[in-house]
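Have a look at my_file_14.tsv; it's TSV, C-alpha atoms and all ligand atoms:
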```
chain	number	residue	atom	x	y	z
A	1369	MET	CA	0.00	0.00	0.00
A	1370	ILE	CA	1.36	3.39	-0.96
A	1371	ASN	CA	1.47	5.87	1.93
A	1372	LYS	CA	3.54	8.81	3.16
A	1373	ASN	CA	6.37	6.50	4.20
A	1374	SER	CA	6.65	4.89	0.76
A	1375	PRO	CA	9.79	5.75	-1.24
A	1376	VAL	CA	10.30	8.47	-3.84
A	1377	GLY	CA	11.20	7.08	-7.29
A	1378	VAL	CA	13.97	8.85	-9.19
A	1379	PHE	CA	15.26	7.93	-12.64
A	1380	ASP	CA	17.79	8.95	-15.25
A	1381	SER	CA	19.58	7.44	-18.21
A	1382	GLY	CA	22.62	6.79	-16.00
A	1383	ILE	CA	24.54	8.48	-13.22
A	1384	GLY	CA	23.42	12.06	-13.95
A	1385	GLY	CA	20.22	11.81	-11.94
A	1386	LEU	CA	22.32	11.14	-8.87
A	1387	THR	CA	22.93	14.91	-8.79
A	1388	VAL	CA	19.17	15.29	-8.26
A	1389	ALA	CA	18.97	12.37	-5.79
A	1390	ARG	CA	21.82	13.97	-3.80
A	1391	GLU	CA	19.87	17.21	-3.55
A	1392	ILE	CA	16.74	15.36	-2.36
A	1393	MET	CA	18.87	13.58	0.28
A	1394	ARG	CA	20.16	16.96	1.47
A	1395	GLN	CA	16.88	18.83	1.52
A	1396	ILE	CA	14.44	16.10	2.61
A	1397	PRO	CA	16.60	13.57	4.45
A	1398	ASN	CA	13.65	11.60	5.80
A	1399	GLU	CA	12.63	10.45	2.35
A	1400	LYS	CA	13.47	6.95	1.13
A	1401	ILE	CA	14.63	6.84	-2.48
A	1402	ILE	CA	14.50	4.18	-5.17
A	1403	TYR	CA	16.84	5.22	-7.95
A	1404	PHE	CA	16.95	3.70	-11.40
A	1405	GLY	CA	19.82	4.45	-13.82
A	1406	ASP	CA	19.33	3.09	-17.32
A	1407	THR	CA	23.03	2.29	-17.76
A	1408	ALA	CA	22.40	-0.27	-20.53
A	1409	ARG	CA	20.71	2.30	-22.78
A	1410	VAL	CA	22.55	5.54	-21.91
A	1411	PRO	CA	22.87	8.04	-23.60
A	1412	TYR	CA	19.29	9.16	-24.18
A	1413	GLY	CA	20.35	12.48	-25.65
A	1414	GLY	CA	20.45	11.59	-29.36
A	1415	LYS	CA	17.50	9.17	-29.38
A	1416	SER	CA	14.00	9.86	-30.71
A	1417	ARG	CA	10.98	11.00	-28.71
A	1418	GLU	CA	9.32	7.59	-29.31
A	1419	THR	CA	12.28	5.67	-27.93
A	1420	ILE	CA	12.70	7.91	-24.88
A	1421	THR	CA	8.97	7.66	-24.16
A	1422	ARG	CA	9.08	3.85	-24.41
A	1423	TYR	CA	12.12	3.68	-22.09
A	1424	SER	CA	10.52	6.09	-19.60
A	1425	ARG	CA	7.25	4.15	-19.61
A	1426	GLN	CA	9.12	0.94	-18.75
A	1427	ILE	CA	10.97	2.65	-15.92
A	1428	VAL	CA	7.75	4.11	-14.54
A	1429	ARG	CA	6.26	0.57	-14.50
A	1430	PHE	CA	9.33	-0.71	-12.67
A	1431	LEU	CA	9.08	2.09	-10.08
A	1432	GLN	CA	5.35	1.49	-9.70
A	1433	ALA	CA	6.08	-2.17	-8.97
A	1434	ARG	CA	8.34	-0.87	-6.14
A	1435	GLU	CA	5.36	1.12	-4.81
A	1436	VAL	CA	6.85	4.60	-5.00
A	1437	LYS	CA	4.59	7.48	-3.92
A	1438	VAL	CA	5.94	10.02	-6.42
A	1439	ILE	CA	8.31	9.95	-9.40
A	1440	VAL	CA	11.06	12.45	-10.15
A	1441	VAL	CA	12.13	12.36	-13.79
A	1442	ALA	CA	15.75	13.31	-13.06
A	1443	CYS	CA	16.69	13.50	-16.73
A	1444	ASN	CA	16.19	16.57	-18.88
A	1445	THR	CA	15.81	14.57	-22.08
A	1446	ALA	CA	13.08	12.38	-20.59
A	1447	SER	CA	11.44	15.45	-19.00
A	1448	ALA	CA	11.47	17.18	-22.40
A	1449	TYR	CA	10.26	14.24	-24.49
A	1450	ALA	CA	8.26	11.88	-22.31
A	1451	LEU	CA	6.95	13.52	-19.13
A	1452	ASP	CA	3.74	15.02	-20.59
A	1453	GLU	CA	2.77	11.68	-22.08
A	1454	ILE	CA	3.68	9.33	-19.23
A	1455	GLU	CA	2.17	11.42	-16.46
A	1456	LYS	CA	-1.24	11.02	-18.12
A	1457	GLU	CA	-0.89	7.25	-17.91
A	1458	THR	CA	-0.60	6.88	-14.14
A	1459	ASP	CA	-2.05	8.31	-10.93
A	1460	ILE	CA	1.38	8.70	-9.34
A	1461	PRO	CA	2.37	12.38	-9.17
A	1462	MET	CA	5.44	13.19	-11.30
A	1463	ILE	CA	7.82	16.07	-11.56
A	1464	GLY	CA	10.60	16.73	-14.05
A	1465	VAL	CA	13.69	18.93	-13.90
A	1466	VAL	CA	12.93	21.37	-16.72
A	1467	LYS	CA	10.21	23.56	-15.19
A	1468	PRO	CA	12.11	24.15	-11.94
A	1469	GLY	CA	15.29	25.02	-13.90
A	1470	ALA	CA	13.42	27.40	-16.19
A	1471	ARG	CA	11.87	29.19	-13.19
A	1472	VAL	CA	15.27	29.79	-11.56
A	1473	ALA	CA	16.86	31.00	-14.80
A	1474	ALA	CA	14.03	33.47	-15.46
A	1475	ALA	CA	14.44	34.83	-11.93
A	1476	THR	CA	18.25	34.99	-12.15
A	1477	THR	CA	18.97	36.77	-15.45
A	1478	VAL	CA	19.54	40.51	-15.29
A	1479	ASN	CA	20.41	41.24	-18.92
A	1480	GLY	CA	17.66	38.98	-20.29
A	1481	LYS	CA	20.09	36.66	-22.08
A	1482	VAL	CA	19.92	33.05	-20.96
A	1483	GLY	CA	21.88	30.11	-22.35
A	1484	VAL	CA	20.95	26.45	-22.02
A	1485	ILE	CA	23.27	23.52	-22.56
A	1486	GLY	CA	21.87	20.02	-22.84
A	1487	THR	CA	21.53	16.97	-25.03
A	1488	GLU	CA	20.44	17.19	-28.66
A	1489	GLY	CA	16.97	16.04	-27.59
A	1490	THR	CA	16.52	18.66	-24.88
A	1491	ILE	CA	17.89	21.51	-26.98
A	1492	GLY	CA	15.99	20.39	-30.12
A	1493	SER	CA	12.72	20.37	-28.16
A	1494	SER	CA	13.19	24.08	-27.18
A	1495	ILE	CA	11.40	23.22	-23.95
A	1496	TYR	CA	13.46	25.55	-21.72
A	1497	SER	CA	12.85	28.46	-24.07
A	1498	ARG	CA	9.08	27.82	-24.04
A	1499	TYR	CA	8.86	27.69	-20.24
A	1500	ILE	CA	11.09	30.73	-19.73
A	1501	LYS	CA	9.15	32.77	-22.27
A	1502	LYS	CA	5.90	31.90	-20.52
A	1503	ILE	CA	7.36	33.47	-17.38
A	1504	ASN	CA	9.04	36.41	-19.12
A	1505	PRO	CA	8.59	36.89	-22.90
A	1506	GLN	CA	11.40	39.50	-22.96
A	1507	VAL	CA	14.11	36.95	-22.19
A	1508	THR	CA	16.06	35.49	-25.12
A	1509	VAL	CA	17.12	31.89	-24.71
A	1510	THR	CA	19.96	30.37	-26.71
A	1511	GLY	CA	20.42	26.62	-26.64
A	1512	LYS	CA	23.56	24.67	-27.38
A	1513	ALA	CA	23.63	20.89	-27.61
A	1514	CYS	CA	26.75	19.36	-26.04
A	1515	PRO	CA	26.49	15.67	-26.98
A	1516	LEU	CA	30.05	14.78	-25.97
A	1517	PHE	CA	29.56	15.90	-22.36
A	1518	THR	CA	27.50	12.86	-21.33
A	1519	PRO	CA	30.09	10.24	-22.38
A	1520	LEU	CA	32.89	12.36	-20.86
A	1521	VAL	CA	31.02	12.46	-17.55
A	1522	GLU	CA	30.13	8.74	-17.74
A	1523	GLU	CA	33.85	8.05	-18.35
A	1524	GLY	CA	34.76	10.00	-15.23
A	1525	LEU	CA	36.69	12.73	-17.11
A	1526	TRP	CA	35.26	15.46	-14.89
A	1527	GLU	CA	38.52	17.38	-14.59
A	1528	ASP	CA	40.47	16.67	-17.74
A	1529	PRO	CA	42.17	18.63	-20.54
A	1530	VAL	CA	39.99	16.81	-23.11
A	1531	THR	CA	36.80	17.95	-21.35
A	1532	ASP	CA	38.25	21.45	-21.11
A	1533	GLU	CA	38.98	21.63	-24.83
A	1534	ILE	CA	35.56	20.35	-25.85
A	1535	ALA	CA	33.81	22.65	-23.39
A	1536	LYS	CA	35.67	25.66	-24.83
A	1537	ARG	CA	34.38	24.82	-28.31
A	1538	TYR	CA	30.81	24.23	-27.18
A	1539	LEU	CA	30.62	27.33	-25.01
A	1540	ALA	CA	32.33	29.87	-27.34
A	1541	GLU	CA	29.03	30.79	-29.00
A	1542	LEU	CA	27.29	31.46	-25.68
A	1543	LEU	CA	30.21	33.59	-24.49
A	1544	ASP	CA	29.99	35.67	-27.69
A	1545	ILE	CA	26.29	36.32	-27.18
A	1546	GLY	CA	26.96	37.70	-23.70
A	1547	ILE	CA	24.56	35.54	-21.68
A	1548	ASP	CA	24.55	36.22	-17.94
A	1549	THR	CA	22.80	32.96	-16.94
A	1550	LEU	CA	23.53	29.43	-18.08
A	1551	ILE	CA	21.26	26.47	-17.34
A	1552	LEU	CA	23.03	23.16	-16.88
A	1553	GLY	CA	20.18	21.49	-18.78
A	1554	CYS	CA	21.38	17.92	-18.42
A	1555	THR	CA	21.64	16.19	-15.08
A	1556	HIS	CA	25.15	14.97	-15.95
A	1557	TYR	CA	26.53	18.50	-16.29
A	1558	PRO	CA	26.70	19.56	-12.63
A	1559	LEU	CA	29.54	17.04	-12.42
A	1560	ILE	CA	31.61	19.23	-14.77
A	1561	ARG	CA	30.32	22.43	-13.26
A	1562	SER	CA	33.76	23.72	-12.34
A	1563	THR	CA	35.03	23.34	-15.93
A	1564	VAL	CA	31.96	25.10	-17.34
A	1565	GLY	CA	32.14	27.81	-14.67
A	1566	ARG	CA	35.82	28.49	-15.33
A	1567	ILE	CA	35.21	28.91	-19.07
A	1568	MET	CA	32.08	31.08	-18.71
A	1569	GLY	CA	33.69	33.32	-16.08
A	1570	GLU	CA	32.38	34.93	-12.93
A	1571	GLY	CA	29.84	37.14	-14.69
A	1572	VAL	CA	27.72	34.14	-15.67
A	1573	SER	CA	25.45	32.46	-13.11
A	1574	LEU	CA	25.17	28.72	-13.52
A	1575	VAL	CA	21.74	27.25	-12.83
A	1576	ASN	CA	21.61	23.65	-11.63
A	1577	PRO	CA	17.93	22.61	-11.83
A	1578	ALA	CA	18.53	19.86	-9.23
A	1579	TYR	CA	18.30	22.24	-6.28
A	1580	GLU	CA	14.97	23.71	-7.33
A	1581	THR	CA	13.63	20.27	-8.29
A	1582	ALA	CA	14.21	19.00	-4.74
A	1583	ARG	CA	12.43	22.10	-3.39
A	1584	GLU	CA	9.52	21.49	-5.73
A	1585	LEU	CA	9.40	17.86	-4.60
A	1586	ARG	CA	9.15	18.97	-0.98
A	1587	ARG	CA	6.32	21.36	-1.85
A	1588	LEU	CA	4.46	18.63	-3.73
A	1589	LEU	CA	4.82	16.13	-0.87
A	1590	GLU	CA	3.65	18.75	1.62
A	1591	GLU	CA	0.66	19.67	-0.51
A	1592	LYS	CA	-0.37	16.02	-0.83
A	1593	SER	CA	0.38	15.25	2.84
A	1594	LEU	CA	2.95	12.72	1.67
A	1595	LEU	CA	6.07	13.89	3.54
A	1596	ASN	CA	7.73	10.94	5.26
A	1597	ASP	CA	7.36	11.35	9.02
A	1598	GLU	CA	9.68	8.53	10.13
A	1599	GLU	CA	12.89	9.75	11.75
A	1600	ALA	CA	15.96	8.88	9.65
A	1601	ARG	CA	18.21	6.70	11.81
A	1602	LEU	CA	21.93	6.21	11.41
A	1603	GLY	CA	22.64	2.99	9.50
A	1604	ASP	CA	19.19	2.95	7.85
A	1605	ASN	CA	19.23	1.69	4.31
A	1606	ARG	CA	16.97	4.43	2.96
A	1607	TYR	CA	18.39	4.49	-0.53
A	1608	ARG	CA	18.17	1.70	-3.09
A	1609	PHE	CA	19.82	1.76	-6.48
A	1610	TYR	CA	18.91	-0.23	-9.57
A	1611	VAL	CA	20.56	-0.19	-12.97
A	1612	SER	CA	20.08	-1.98	-16.28
A	1613	ASP	CA	23.81	-2.83	-16.68
A	1614	ALA	CA	27.33	-2.40	-15.26
A	1615	ALA	CA	26.38	-2.23	-11.59
A	1616	ASP	CA	29.98	-2.09	-10.31
A	1617	LYS	CA	30.88	0.93	-12.43
A	1618	PHE	CA	27.66	2.64	-11.31
A	1619	LYS	CA	28.44	1.88	-7.67
A	1620	ARG	CA	31.90	3.42	-7.95
A	1621	PHE	CA	30.47	6.61	-9.44
A	1622	ALA	CA	27.58	6.74	-7.04
A	1623	ASN	CA	29.97	6.53	-4.11
A	1624	SER	CA	31.96	9.48	-5.40
A	1625	ILE	CA	28.85	11.61	-6.00
A	1626	ILE	CA	26.80	10.72	-2.94
A	1627	LYS	CA	28.52	10.64	0.40
A	1628	TYR	CA	25.86	8.66	2.19
A	1629	GLY	CA	27.32	5.19	1.62
A	1630	ILE	CA	25.84	3.20	-1.21
A	1631	LEU	CA	25.15	-0.31	-0.07
A	1632	SER	CA	24.30	-1.93	-3.37
A	1633	ALA	CA	23.27	-1.42	-6.97
A	1634	GLU	CA	21.18	-4.23	-8.36
A	1635	ILE	CA	20.82	-5.06	-12.06
A	1636	ILE	CA	17.29	-5.52	-13.32
A	1637	ASN	CA	16.01	-6.41	-16.77
A	1638	ILE	CA	14.11	-3.24	-17.64
A	1639	GLU	CA	12.86	-4.70	-20.94
A	1640	GLU	CA	10.58	-6.96	-18.87
A	1641	TYR	CA	8.52	-3.98	-17.74
B	1701	LIG	N1	21.18	13.02	-17.97
B	1701	LIG	C1	20.34	13.14	-19.07
B	1701	LIG	C2	19.69	14.49	-19.22
B	1701	LIG	O1	19.53	15.17	-18.24
B	1701	LIG	C3	20.71	12.61	-20.37
B	1701	LIG	C4	22.11	12.28	-20.72
B	1701	LIG	C5	21.99	11.29	-21.83
B	1701	LIG	O2	21.59	10.18	-21.52
B	1701	LIG	O3	22.23	11.66	-23.00
B	1701	LIG	O4	19.29	14.87	-20.29
```

Step by step, read the file and then write its structure as structure tokens.
Ligand code: DGL
Amino acid sequence: MINKNSPVGVFDSGIGGLTVAREIMRQIPNEKIIYFGDTARVPYGGKSRETITRYSRQIVRFLQAREVKVIVVACNTASAYALDEIEKETDIPMIGVVKPGARVAAATTVNGKVGVIGTEGTIGSSIYSRYIKKINPQVTVTGKACPLFTPLVEEGLWEDPVTDEIAKRYLAELLDIGIDTLILGCTHYPLIRSTVGRIMGEGVSLVNPAYETARELRRLLEEKSLLNDEEARLGDNRYRFYVSDAADKFKRFANSIIKYGILSAEIINIEEY
């Protein structure tokens, strides 16, 4: 039976969504989390809307089978392509990362020039631009797809001359335009935040939608009287991780991103869902 002490489901194509899970752990530490990383099918960024929607639907079914009370789509590409469709198919409340990120960016920019970096799917969908313009039509939003960032992050090259060089090429256009706010529109990118920040310089505010997503999750749980009221106890195994492949590699990464001690990452066959 789903109740306020049921877990929160969080999913991404791989390790990127851990940046969102980490923020949920910080802001609402009482919540239990079931995380799914689709490590067999990452990256999502260059795949079609149909494929991403099919993958997301399978993951939602898996999380439903684990009796989660709410689902956080901790992947910009899935939020851009699949969220509208899959949230109609279930009663479980869902939130994505795009709306919260768009809200912060609209509130942060002073010169009205916002940049967004993300996967080809997220940038091609223009979803950030649409949400930001709904809030403030005067803001111009320039998107730049950075398809090589996801594999660089998944390979652990977070601080590396190769990542630096590629980031310089991707970001040159946004520097020329003179944006003052840059949305890290892919959940993998906060892991190379320092590289991006160094290249963009101090005058550019970096927006990580993860922080605002965790705040929105808290608001949603409060509104639905679903906040977990059990006290978190030391040694509790509140967080469970599932992947579709390469559990050991995922565990290593997860341990370097989340400092709460990952006990296990279990492989499941997501195609069965
Ligand atoms: N982390 C995902 C996102 O936020 C996608 C990375 C990928 O799988 O291409 O878009």

Pull the closest atom pair for each residue of chain A that gets at most 6 Å from ligand LIG 1701 (chain B), along with the distance in Å to one decimal, counting all atoms listed in the file, ordering rows by chain and then ascending residue number, as a tab-separated table.
```
residue	atom	partner	partner_atom	distance
A:Asp1380	CA	B:LIG1701	N1	6.0
A:Ser1381	CA	B:LIG1701	O2	4.7
A:Gly1384	CA	B:LIG1701	N1	4.7
A:Val1410	CA	B:LIG1701	O2	4.8
A:Pro1411	CA	B:LIG1701	O2	3.2
A:Tyr1412	CA	B:LIG1701	O2	3.7
A:Gly1413	CA	B:LIG1701	O3	3.4
A:Cys1443	CA	B:LIG1701	O1	3.6
A:Asn1444	CA	B:LIG1701	O1	3.7
A:Thr1445	CA	B:LIG1701	O4	3.9
A:Thr1487	CA	B:LIG1701	O4	5.6
A:Thr1518	CA	B:LIG1701	C4	5.5
A:Cys1554	CA	B:LIG1701	O1	3.3
A:Thr1555	CA	B:LIG1701	O1	3.9
A:His1556	CA	B:LIG1701	N1	4.9
```

Please build the interface table for region 1509-1625 of chain A against region 1415-1430 of chain A with a cut-off of 12 Å, listing for each qualifying residue the nearest atom pair and the distance in Å to one decimal; count only C-alpha atoms, order rows by chain and increasing number, and write it as JSON lines.
```
{"residue": "A:Pro1515", "atom": "CA", "partner": "A:Lys1415", "partner_atom": "CA", "distance": 11.4}
{"residue": "A:Tyr1610", "atom": "CA", "partner": "A:Phe1430", "partner_atom": "CA", "distance": 10.1}
{"residue": "A:Val1611", "atom": "CA", "partner": "A:Ile1427", "partner_atom": "CA", "distance": 10.4}
{"residue": "A:Ser1612", "atom": "CA", "partner": "A:Ile1427", "partner_atom": "CA", "distance": 10.2}
```

- Query: Pro1558 (chain A): which residues within 10 Å, counting all atoms listed in the file, same-chain residues fewer than 3 positions away excluded, as a ChimeraX atom specification?
  - Reply: /A:1384,1387-1388,1521,1526,1551-1555,1561-1564,1574-1578

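You can rank A:Arg1394, A:Thr1476, A:Lys1502, A:Ile1383 by their closest distance to Asp1406 (chain A) using all atoms listed in the file, and at the top of that list sits A:Ile1383.
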
- Task: Would you work out the distance separating CA of Thr1510 (chain A) from CA of Thr1549 (chain A), expressed in Å to one decimal?
- Result: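 So the two atoms, CA of Thr1510 (chain A) and CA of Thr1549 (chain A), lie 10.5 Å apart.
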
Give as a compact mmCIF listing (two decimals) with C-alpha atoms, in the coordinates of the input every residue, naming chains and numbers as the document does, that has an atom within 10 Å of (11.8, 7.1, -1.1), counting all atoms listed in the file.
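The result, stored in selection04.txt:
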```txt
# COMPACT_ATOMS: atom_id res chain seq x y z
CA LYS A 1372 3.54 8.81 3.16
CA ASN A 1373 6.37 6.50 4.20
CA SER A 1374 6.65 4.89 0.76
CA PRO A 1375 9.79 5.75 -1.24
CA VAL A 1376 10.30 8.47 -3.84
CA GLY A 1377 11.20 7.08 -7.29
CA VAL A 1378 13.97 8.85 -9.19
CA ILE A 1392 16.74 15.36 -2.36
CA MET A 1393 18.87 13.58 0.28
CA PRO A 1397 16.60 13.57 4.45
CA ASN A 1398 13.65 11.60 5.80
CA GLU A 1399 12.63 10.45 2.35
CA LYS A 1400 13.47 6.95 1.13
CA ILE A 1401 14.63 6.84 -2.48
CA ILE A 1402 14.50 4.18 -5.17
CA TYR A 1403 16.84 5.22 -7.95
CA GLU A 1435 5.36 1.12 -4.81
CA VAL A 1436 6.85 4.60 -5.00
CA LYS A 1437 4.59 7.48 -3.92
CA VAL A 1438 5.94 10.02 -6.42
CA ILE A 1439 8.31 9.95 -9.40
CA ASN A 1596 7.73 10.94 5.26
CA ARG A 1606 16.97 4.43 2.96
CA TYR A 1607 18.39 4.49 -0.53
CA ARG A 1608 18.17 1.70 -3.09
```

- Message: Report as a list in words all protein, DNA and RNA residues lying within 10 Å of Ala1614 (chain A), evaluated on all atoms listed in the file, omitting residues in the same chain fewer than 3 positions from it.
- Response: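 My reading of the contact set: Asp1406, Thr1407, Ala1408, Val1611, Lys1617, Phe1618, Lys1619, Ala1633, Glu1634 and Ile1635 of chain A.
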
- Name all residues at most 12 Å from Ala1473 (chain A) (count all atoms listed in the file; drop same-chain ones fewer than 5 positions away) and give them as a ChimeraX atom specification. /A:1466-1468,1478-1484,1496-1497,1499-1501,1503-1504,1507-1509,1547-1553,1572-1577,1580

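Nearest residue to Ala1446 (chain A) among A:Phe1609, A:Phe1379, A:Phe1404, A:Tyr1557 is A:Phe1379, counting all atoms listed in the file.
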
- Which distance in Å separates CA of Gly1569 (chain A) and CA of Thr1531 (chain A), to one decimal?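 According to the coordinates, CA of Gly1569 (chain A) and CA of Thr1531 (chain A) are separated by 16.5 Å.
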
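Take CA of Ile1545 (chain A) and CA of Cys1514 (chain A): the distance between them is 17.0 Å.
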
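Comparing the minimum interatomic distances between Ser1624 (chain A) and each of A:Ala1540, A:Ile1491, A:Leu1559, A:Gly1571, counting all atoms listed in the file, we find that A:Leu1559 sits nearest.
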
- With only C-alpha atoms as the atoms that count, which of A:Asn1637, A:Ser1447, A:Ile1560, A:Gly1489 lies nearest to Val1465 (chain A)?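 Selected residue with least distance to Val1465 (chain A): A:Ser1447.
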
May I have the centre and edge lengths, in Å to one decimal, of an axis-aligned box around the listed atoms of region 1601-1617 of chain A with 4 Å added to every side, as lines of an AutoDock Vina configuration file?
```
center_x = 23.9
center_y = 1.9
center_z = -2.4
size_x = 21.9
size_y = 17.5
size_z = 36.5
```

- Message: Calculated over all atoms listed in the file, which of the candidates A:Glu1590, A:Leu1431, A:Thr1581, A:Gly1405 has the smallest distance to Ile1463 (chain A)?
- Response: A:Thr1581

- Query: For Gly1492 (chain A), which residue among A:Gly1414, A:Ile1454, A:Glu1599, A:Pro1519 is the nearest when counting only C-alpha atoms?
  - Reply: A:Gly1414
